[in-house]
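Content type compact mmCIF, C-alpha atoms, from the file structure-v4.txt:
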# COMPACT_ATOMS: atom_id res chain seq x y z
CA MET K 1 21.89 146.47 93.64
CA LYS K 2 19.69 143.94 91.91
CA ILE K 3 19.15 140.81 93.99
CA PRO K 4 17.14 137.61 93.38
CA ILE K 5 13.58 137.75 94.73
CA LYS K 6 11.84 134.85 92.98
CA ASN K 7 11.40 131.20 94.01
CA ILE K 8 13.25 131.47 97.30
CA PRO K 9 13.45 128.04 99.00
CA THR K 10 11.04 128.03 101.95
CA TYR K 11 10.92 125.44 104.71
CA ASP K 12 8.03 124.82 107.11
CA ALA K 13 9.60 122.99 110.05
CA ASN K 14 6.21 122.07 111.52
CA LYS K 15 5.08 120.32 108.34
CA LYS K 16 8.62 119.33 107.31
CA GLU K 17 7.81 120.57 103.82
CA TRP K 18 9.74 122.61 101.26
CA SER K 19 8.12 125.15 98.94
CA THR K 20 9.16 128.45 97.32
CA THR K 21 8.29 132.09 97.93
CA SER K 22 8.43 134.92 95.37
CA PHE K 23 8.09 138.69 95.68
CA GLU K 24 6.75 141.10 93.08
CA THR K 25 9.40 143.78 93.62
CA GLN K 26 12.72 144.12 95.35
CA LYS K 27 11.16 146.65 97.72
CA ASP K 28 8.51 144.08 98.68
CA PHE K 29 11.31 141.68 99.54
CA GLY K 30 13.11 144.35 101.56
CA ASP K 31 9.89 145.18 103.42
CA PHE K 32 9.37 141.50 104.24
CA LEU K 33 12.91 141.23 105.63
CA PHE K 34 12.69 144.46 107.62
CA ASN K 35 9.17 144.10 109.00
CA THR K 36 8.96 140.34 109.48
CA CYS K 37 12.47 138.97 109.98
CA PHE K 38 14.74 141.73 111.28
CA LYS K 39 15.07 142.15 115.05
CA GLU K 40 17.69 143.05 117.63
CA PRO K 41 20.40 140.50 118.50
CA GLY K 42 19.07 138.33 121.29
CA GLU K 43 15.48 138.65 120.08
CA TYR K 44 15.54 136.35 117.07
CA GLY K 45 14.22 133.38 119.02
CA PHE K 46 16.25 130.67 117.35
CA ASP K 47 14.80 127.28 118.31
CA ALA K 48 15.45 123.57 117.91
CA SER K 49 14.50 123.69 114.23
CA THR K 50 17.03 126.40 113.32
CA LYS K 51 19.85 124.12 114.46
CA ASP K 52 19.42 122.49 111.05
CA TRP K 53 20.73 125.61 109.32
CA ASN K 54 24.20 124.09 109.47
CA LYS K 55 23.09 120.47 109.23
CA LEU K 56 25.34 119.74 106.27
CA ALA K 57 28.40 121.08 108.05
CA LYS K 58 27.70 118.70 110.93
CA ILE K 59 27.33 115.82 108.47
CA PHE K 60 30.61 116.74 106.80
CA GLU K 61 32.49 116.91 110.11
CA THR K 62 31.37 113.34 110.85
CA GLU K 63 31.30 111.74 107.41
CA LYS K 64 33.93 113.87 105.60
CA ALA K 65 31.39 114.17 102.79
CA TYR K 66 28.25 116.21 102.22
CA THR K 67 26.25 113.49 100.49
CA GLN K 68 26.44 109.72 100.11
CA HIS K 69 24.95 109.82 96.61
CA PRO K 70 27.43 108.33 94.08
CA GLU K 71 29.39 111.07 92.36
CA GLY K 72 27.95 111.82 88.94
CA SER K 73 24.61 110.15 89.64
CA THR K 74 21.27 111.86 89.04
CA ASP K 75 20.68 112.12 92.80
CA TYR K 76 24.15 113.58 93.28
CA TRP K 77 23.53 116.41 90.84
CA LYS K 78 20.01 116.98 92.16
CA PHE K 79 21.48 117.41 95.64
CA TRP K 80 24.03 119.99 94.47
CA ASP K 81 21.50 121.85 92.32
CA THR K 82 19.24 122.19 95.37
CA GLU K 83 22.13 123.40 97.50
CA GLU K 84 23.09 125.93 94.85
CA LEU K 85 19.59 127.42 95.02
CA LYS K 86 19.95 127.87 98.81
CA SER K 87 23.39 129.39 98.30
CA ARG K 88 22.10 131.80 95.66
CA LEU K 89 18.67 132.72 97.01
CA GLY K 90 18.91 132.12 100.74
CA VAL K 91 16.24 130.26 102.72
CA ILE K 92 12.99 131.40 104.33
CA TRP K 93 12.54 129.26 107.44
CA LYS K 94 9.28 128.98 109.41
CA ASN K 95 8.40 127.27 112.67
CA ASP K 96 5.66 127.74 115.31
CA GLY K 97 4.54 131.11 113.96
CA LYS K 98 8.08 132.49 113.63
CA THR K 99 9.81 133.37 110.37
CA TRP K 100 13.51 133.80 109.66
CA TYR K 101 15.45 134.52 106.50
CA LEU K 102 18.81 132.82 106.23
CA THR K 103 20.85 134.89 103.77
CA ARG K 104 22.69 133.17 100.94
CA ASP K 105 26.10 134.15 102.25
CA TYR K 106 25.44 133.08 105.85
CA TYR K 107 24.08 129.71 104.70
CA PHE K 108 27.16 129.35 102.49
CA LEU K 109 29.50 130.22 105.38
CA LEU K 110 27.83 127.87 107.87
CA ASN K 111 27.95 124.83 105.59
CA TYR K 112 30.74 125.26 103.04
CA CYS K 113 33.37 127.58 104.50
CA PRO K 114 35.46 125.98 107.28
CA ILE K 115 37.26 128.28 109.69
CA ILE K 116 40.09 127.98 112.18
CA ASN K 117 37.84 127.65 115.20
CA LYS K 118 39.22 129.04 118.46
CA GLU K 119 36.29 127.47 120.31
CA LYS K 120 37.56 124.05 119.23
CA GLY K 121 41.26 124.41 119.99
CA ASN K 122 42.17 126.21 116.75
CA GLU K 123 41.15 123.17 114.71
CA GLU K 124 39.57 123.62 111.29
CA SER K 125 35.82 123.22 111.64
CA PHE K 126 32.67 125.16 110.85
CA ALA K 127 31.20 128.24 112.49
CA SER K 128 28.45 127.83 115.05
CA ILE K 129 25.18 129.69 114.53
CA ARG K 130 25.37 133.10 116.22
CA ASP K 131 22.69 135.77 116.18
CA VAL K 132 25.26 138.58 115.83
CA GLN K 133 26.46 137.12 112.51
CA TYR K 134 22.90 136.43 111.38
CA HIS K 135 21.95 140.01 112.30
CA MET K 136 24.91 141.49 110.41
CA MET K 137 24.20 139.60 107.21
CA MET K 138 20.48 140.36 107.47
CA TYR K 139 21.25 144.07 107.85
CA GLU K 140 23.37 143.99 104.70
CA LYS K 141 20.73 142.14 102.71
CA ILE K 142 18.07 144.68 103.71
CA ALA K 143 20.40 147.54 102.68
CA GLU K 144 20.99 145.85 99.32
CA ALA K 145 17.25 145.35 98.78
CA TYR K 146 16.68 149.08 99.39
CA HIS K 147 19.67 150.15 97.23
CA LEU K 148 21.64 151.38 100.25
CA HIS K 149 25.22 150.94 101.43
CA ALA K 150 26.12 149.23 104.71
CA ALA K 151 28.41 150.35 107.54
CA GLU K 152 29.22 148.20 110.57
CA LEU K 153 31.09 148.37 113.84
CA LYS K 154 33.37 145.37 114.07
CA LYS K 155 34.14 143.55 117.31
CA ARG K 156 36.43 140.63 118.00
CA GLN K 157 35.24 137.03 117.76
CA MET K 158 32.23 137.88 115.55
CA LEU K 159 33.75 136.29 112.40
CA TYR K 160 33.46 139.61 110.59
CA SER K 161 36.17 138.85 108.01
CA TYR K 162 35.16 135.20 107.64
CA CYS K 163 31.57 136.23 106.86
CA HIS K 164 32.55 138.80 104.26
CA VAL K 165 35.12 136.64 102.49
CA ALA K 166 32.40 133.96 102.23
CA LYS K 167 30.07 136.58 100.76
CA ALA K 168 32.64 137.68 98.17
CA LEU K 169 33.33 134.08 97.14
CA ASN K 170 29.63 133.23 97.04
CA PHE K 171 28.99 136.00 94.52
CA CYS K 172 31.98 134.95 92.43
CA TRP K 173 31.00 131.27 92.52
CA PHE K 174 27.35 131.57 91.56
CA GLU K 175 26.84 134.83 89.66
CA ASN K 176 27.71 135.62 86.04
CA LYS K 177 30.09 138.39 85.00
CA LYS K 178 30.11 140.10 88.40
CA THR K 179 33.05 142.04 89.77
CA ILE K 180 33.69 141.94 93.52
CA LYS K 181 36.28 144.27 95.01
CA ILE K 182 37.98 143.86 98.38
CA LEU K 183 39.57 147.09 99.62
CA ALA K 184 41.83 148.05 102.49
CA SER K 185 44.06 150.97 103.41
CA ASP K 186 46.99 148.56 103.87
CA GLU K 187 47.81 145.39 101.94
CA ALA K 188 48.47 143.43 105.15
CA TYR K 189 44.73 143.34 105.88
CA ILE K 190 43.81 141.62 102.62
CA ASP K 191 46.89 139.72 101.38
CA ASP K 192 47.27 135.93 101.15
CA VAL K 193 49.75 135.68 104.02
CA ASN K 194 47.76 136.84 107.03
CA GLY K 195 44.94 138.84 105.45
CA SER K 196 41.48 138.10 104.11
CA TRP K 197 42.78 136.44 100.94
CA LYS K 198 44.29 133.66 103.07
CA ILE K 199 40.76 132.87 104.27
CA LEU K 200 39.50 132.99 100.67
CA ASN K 201 42.09 130.43 99.56
CA GLY K 202 41.00 128.02 102.28
CA TYR K 203 37.34 128.32 101.32
CA LYS K 204 38.08 127.94 97.61
CA ASN K 205 40.13 124.78 98.14
CA HIS K 206 37.50 123.17 100.38
CA ILE K 207 34.63 123.85 97.98
CA ASN K 208 36.52 122.56 94.94
CA GLN K 209 37.59 119.43 96.80
CA HIS K 210 34.35 118.47 98.54
CA THR K 211 31.38 119.79 96.53
CA GLY K 212 29.88 119.38 93.08
CA TRP K 213 30.64 123.02 92.26
CA VAL K 214 34.16 122.76 90.87
CA ARG K 215 35.41 126.10 89.57
CA ILE K 216 38.65 126.81 87.71
CA PHE K 217 40.14 130.30 87.93
CA SER K 218 42.46 132.19 85.63
CA PRO K 219 44.12 134.20 87.07
CA GLU K 220 43.91 131.99 90.13
CA SER K 221 45.73 133.76 92.96
CA TYR K 222 46.07 137.03 94.86
CA PRO K 223 45.37 139.83 94.05
CA ALA K 224 42.77 138.73 91.47
CA ILE K 225 40.86 135.63 90.42
CA GLN K 226 38.42 135.16 87.55
CA GLN K 227 36.23 132.13 87.05
CA LYS K 228 37.13 130.84 83.61
CA GLU K 229 39.17 128.11 81.96
CA LYS K 230 40.31 127.15 78.49
CA ILE K 231 38.73 124.06 76.95
CA LYS K 232 39.04 122.50 73.51
CA VAL K 233 35.87 122.41 71.42
CA GLY K 234 35.96 121.10 67.87
CA GLY K 235 39.72 121.38 67.76
CA LYS K 236 39.67 125.01 68.93
CA TRP K 237 40.49 126.46 72.33
CA VAL K 238 37.67 128.48 73.84
CA THR K 239 37.10 130.11 77.23
CA GLU K 240 34.38 128.76 79.51
CA GLY K 241 33.16 130.02 82.88
CA ASN K 242 30.93 132.60 84.53
CA GLU K 243 33.74 135.19 84.27
CA SER K 244 33.01 136.64 87.70
CA THR K 245 36.01 138.26 89.35
CA ILE K 246 37.34 139.05 92.80
CA VAL K 247 40.06 141.68 92.94
CA ALA K 248 41.89 143.04 95.98
CA LYS K 249 43.03 146.65 95.96
CA THR K 250 44.91 148.78 98.49
CA LEU K 251 44.15 152.45 98.94
CA LYS K 252 47.26 153.56 100.82
CA ARG K 253 48.63 155.63 97.96
CA ASP K 254 45.48 156.48 96.03
CA VAL K 255 41.91 156.43 97.37
CA THR K 256 40.57 156.41 93.81
CA THR K 257 42.09 152.99 93.09
CA ALA K 258 38.74 151.26 93.64
CA VAL K 259 37.09 153.26 90.86
CA GLY K 260 37.26 151.86 87.37
CA GLY K 261 34.74 149.56 85.72
CA PRO K 262 31.45 148.30 87.14
CA ALA K 263 31.36 146.47 90.46
CA TYR K 264 28.58 144.35 91.94
CA TRP K 265 29.81 144.35 95.55
CA ILE K 266 32.64 146.32 97.17
CA TRP K 267 33.84 145.45 100.67
CA HIS K 268 36.20 147.72 102.61
CA GLU K 269 38.11 145.72 105.23
CA GLU K 270 39.28 147.44 108.44
CA GLY K 271 37.48 150.64 107.57
CA GLY K 272 37.72 151.92 111.14
CA ILE K 273 41.39 152.75 110.74
CA ALA K 274 41.26 153.82 107.09
CA PRO K 275 42.24 157.51 107.14
CA LYS K 276 40.44 158.40 103.91
CA ALA K 277 37.51 155.98 103.79
CA ASP K 278 35.06 158.86 103.39
CA MET K 279 36.87 160.01 100.25
CA THR K 280 36.87 156.45 98.91
CA LEU K 281 33.08 156.31 99.22
CA GLN K 282 32.75 159.68 97.47
CA TYR K 283 34.56 158.25 94.45
CA ILE K 284 32.86 154.84 94.57
CA ASP K 285 29.23 155.89 94.93
CA PRO K 286 28.77 157.48 91.48
CA ALA K 287 30.50 154.48 89.88
CA ILE K 288 27.90 152.05 91.24
CA SER K 289 24.82 154.27 90.99
CA VAL K 290 22.24 154.09 88.22
CA SER K 291 20.33 157.04 89.65
CA THR K 292 19.84 158.81 92.97
CA THR K 293 17.52 156.02 94.12
CA MET K 294 18.93 152.93 92.41
CA LYS K 295 22.38 151.38 92.55
CA SER K 296 23.98 148.82 90.28
CA GLY K 297 26.19 147.66 93.12
CA ALA K 298 26.59 147.85 96.88
CA PHE K 299 29.33 149.11 99.18
CA CYS K 300 29.98 147.65 102.63
CA ILE K 301 32.50 149.00 105.11
CA GLY K 302 33.26 147.85 108.63
CA GLY K 303 35.91 147.88 111.26
CA SER K 304 36.78 148.77 114.82
CA VAL K 305 36.63 152.35 115.97
CA GLY K 306 39.81 154.07 114.81

Whole structure, structure tokens version:
Amino acid sequence: MKIPIKNIPTYDANKKEWSTTSFETQKDFGDFLFNTCFKEPGEYGFDASTKDWNKLAKIFETEKAYTQHPEGSTDYWKFWDTEELKSRLGVIWKNDGKTWYLTRDYYFLLNYCPIINKEKGNEESFASIRDVQYHMMMYEKIAEAYHLHAAELKKRQMLYSYCHVAKALNFCWFENKKTIKILASDEAYIDDVNGSWKILNGYKNHINQHTGWVRIFSPESYPAIQQKEKIKVGGKWVTEGNESTIVAKTLKRDVTTAVGGPAYWIWHEEGGIAPKADMTLQYIDPAISVSTTMKSGAFCIGGSVG
């Protein structure tokens, strides 16, 4: 899976300065993540500075807006361009000799994807920073950098589905012509009534309403969305958009359903109780592999023990 490795926003909390960091190869980036940033949960040493990872979410909860710059102004668009870079490249964060990497999807979740928060009386708010979520998304990013798949044991209250829906939407929002597939052995896990797609709809509505990243989709609802719209140019209707797609597929009747056309990221929801998840991977892997050592896409599966 090819991932961005150049000009990653980098913040030095001691100096309160922003810069960028680039890597020569994707393996170099993976080595940096694995050797410098990746630890066991409980050992990451988050400090007072890392509380700013979700600074914008805290501002929004108070001000009901992310920025006070007038909409359409130069400063307004500069703000959203900078935020898009963080949401596409992630953030390297340094303080007092410690270094963390905040993945694009976790940054996106923390600041732009409100959840129904049980810790706050089931009110809609934003997720708190938790090392188990940080660890999970770091693990996936390292796997992607090394052209590997990811498998995870899910536990309750870790925002597993919330994190991965945010990741799917992040790819669709900011990447061009990418296909993201959400799989499950039963439609109930991924539908728009009680499944993952219900979470996706909430994120999509919030981002379109409150950010400078308005996206129009056609089709626009479960089980598939594609980022494009028709506009009139010179008296002719043309299609505009990044054309990235999210499609939900169930595997109850046919485990080969997920195969067909290229995919950038494939997420299998509730894999722990999927009776034929191993067969699904057997069919998927050749479809997203360039060679034995390089993959054009990544597969992630997780769930409780089933």

* To do: To one decimal in Å, tell me the separation between CA of Ile216 (chain K) and CA of Thr245 (chain K).
  =>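 Pair CA of Ile216 (chain K) / CA of Thr245 (chain K) returns 11.9 Å.
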
* Nearest candidate to Leu102 (chain K) (options K:Phe126, K:Tyr44, K:Tyr66, K:Trp77; using all atoms listed in the file) -> K:Tyr44

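Of the residues listed (K:Lys16, K:Lys2, K:Arg253, K:Lys204), K:Lys2 shows the shortest atom-to-atom separation from Ser289 (chain K); distances use all atoms listed in the file.
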
Given 4 Å of margin on each side, can you work out the centre and size in Å (one decimal) of an axis-aligned box holding every listed atom of region 53-67 of chain K, as JSON?
{"center_x": 27.3, "center_y": 118.7, "center_z": 105.7, "size_x": 21.2, "size_y": 21.9, "size_z": 18.4}

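Excluding His210 (chain K) itself and any same-chain residue fewer than 5 positions from it, the protein and nucleic acid residues within 9 Å of it, counting all atoms listed in the file, are Lys64, Ala65, Tyr66, Tyr112 and Asn205 of chain K.
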
* To do: For each of K:Arg88, K:Lys78, K:Arg104, K:Lys94, take the minimum atom-to-atom distance to Trp18 (chain K), counting only C-alpha atoms, then give the residue where this is smallest.
  => K:Lys94

* **Selection: 12 Å around Glu43 (chain K), all atoms listed in the file, excl. self and same-chain fewer than 3 positions, as a ChimeraX atom specification** => /K:37-40,46-47,98,100,130-132,134-135

* Long-range neighbours of Lys276 (chain K) as a list in words, 9 Å cut-off, only C-alpha atoms, 6 positions minimum in chain ->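 Within the cut-off, the hits are Ser185, Leu251, Lys252 and Val255 of chain K.
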
Take the selection from the previous step and output its residues with C-alpha atoms, as a tab-separated table (two decimals), in the frame of the given file.
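Written file, part.tsv:
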chain	number	residue	atom	x	y	z
K	185	SER	CA	44.06	150.97	103.41
K	251	LEU	CA	44.15	152.45	98.94
K	252	LYS	CA	47.26	153.56	100.82
K	255	VAL	CA	41.91	156.43	97.37

Residues of region 179-270 of chain K within 12 Å of region 152-160 of chain K: nearest atom pair and distance (Å, one decimal) for each, counting only C-alpha atoms, sorted by chain and number, as a Markdown table?
| residue | atom | partner | partner_atom | distance |
| --- | --- | --- | --- | --- |
| K:Ser196 | CA | K:Tyr160 | CA | 10.4 |
| K:Ile199 | CA | K:Leu159 | CA | 11.3 |
| K:Trp267 | CA | K:Glu152 | CA | 11.3 |
| K:His268 | CA | K:Glu152 | CA | 10.6 |
| K:Glu269 | CA | K:Tyr160 | CA | 9.4 |
| K:Glu270 | CA | K:Lys154 | CA | 8.4 |

* Asked: Quick one: residues within 8 Å of Leu148 (chain K), all atoms listed in the file counted, chain neighbours fewer than 4 positions away excluded, as a ChimeraX atom specification?
  -> /K:143-144,295,298

* Identify the residues within 6 Å of coordinate (35.9, 150.5, 110.8) (same frame as the file), considering only C-alpha atoms, and give the answer as an NGL selection string. => :K and (270-273 or 302-305)

* **Distance criterion (all atoms listed in the file): nearest to Ser161 (chain K) out of K:Ala224, K:Pro70, K:Tyr101, K:Ile301** =>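 With all atoms listed in the file as the atom set, the closest residue is K:Ile301.
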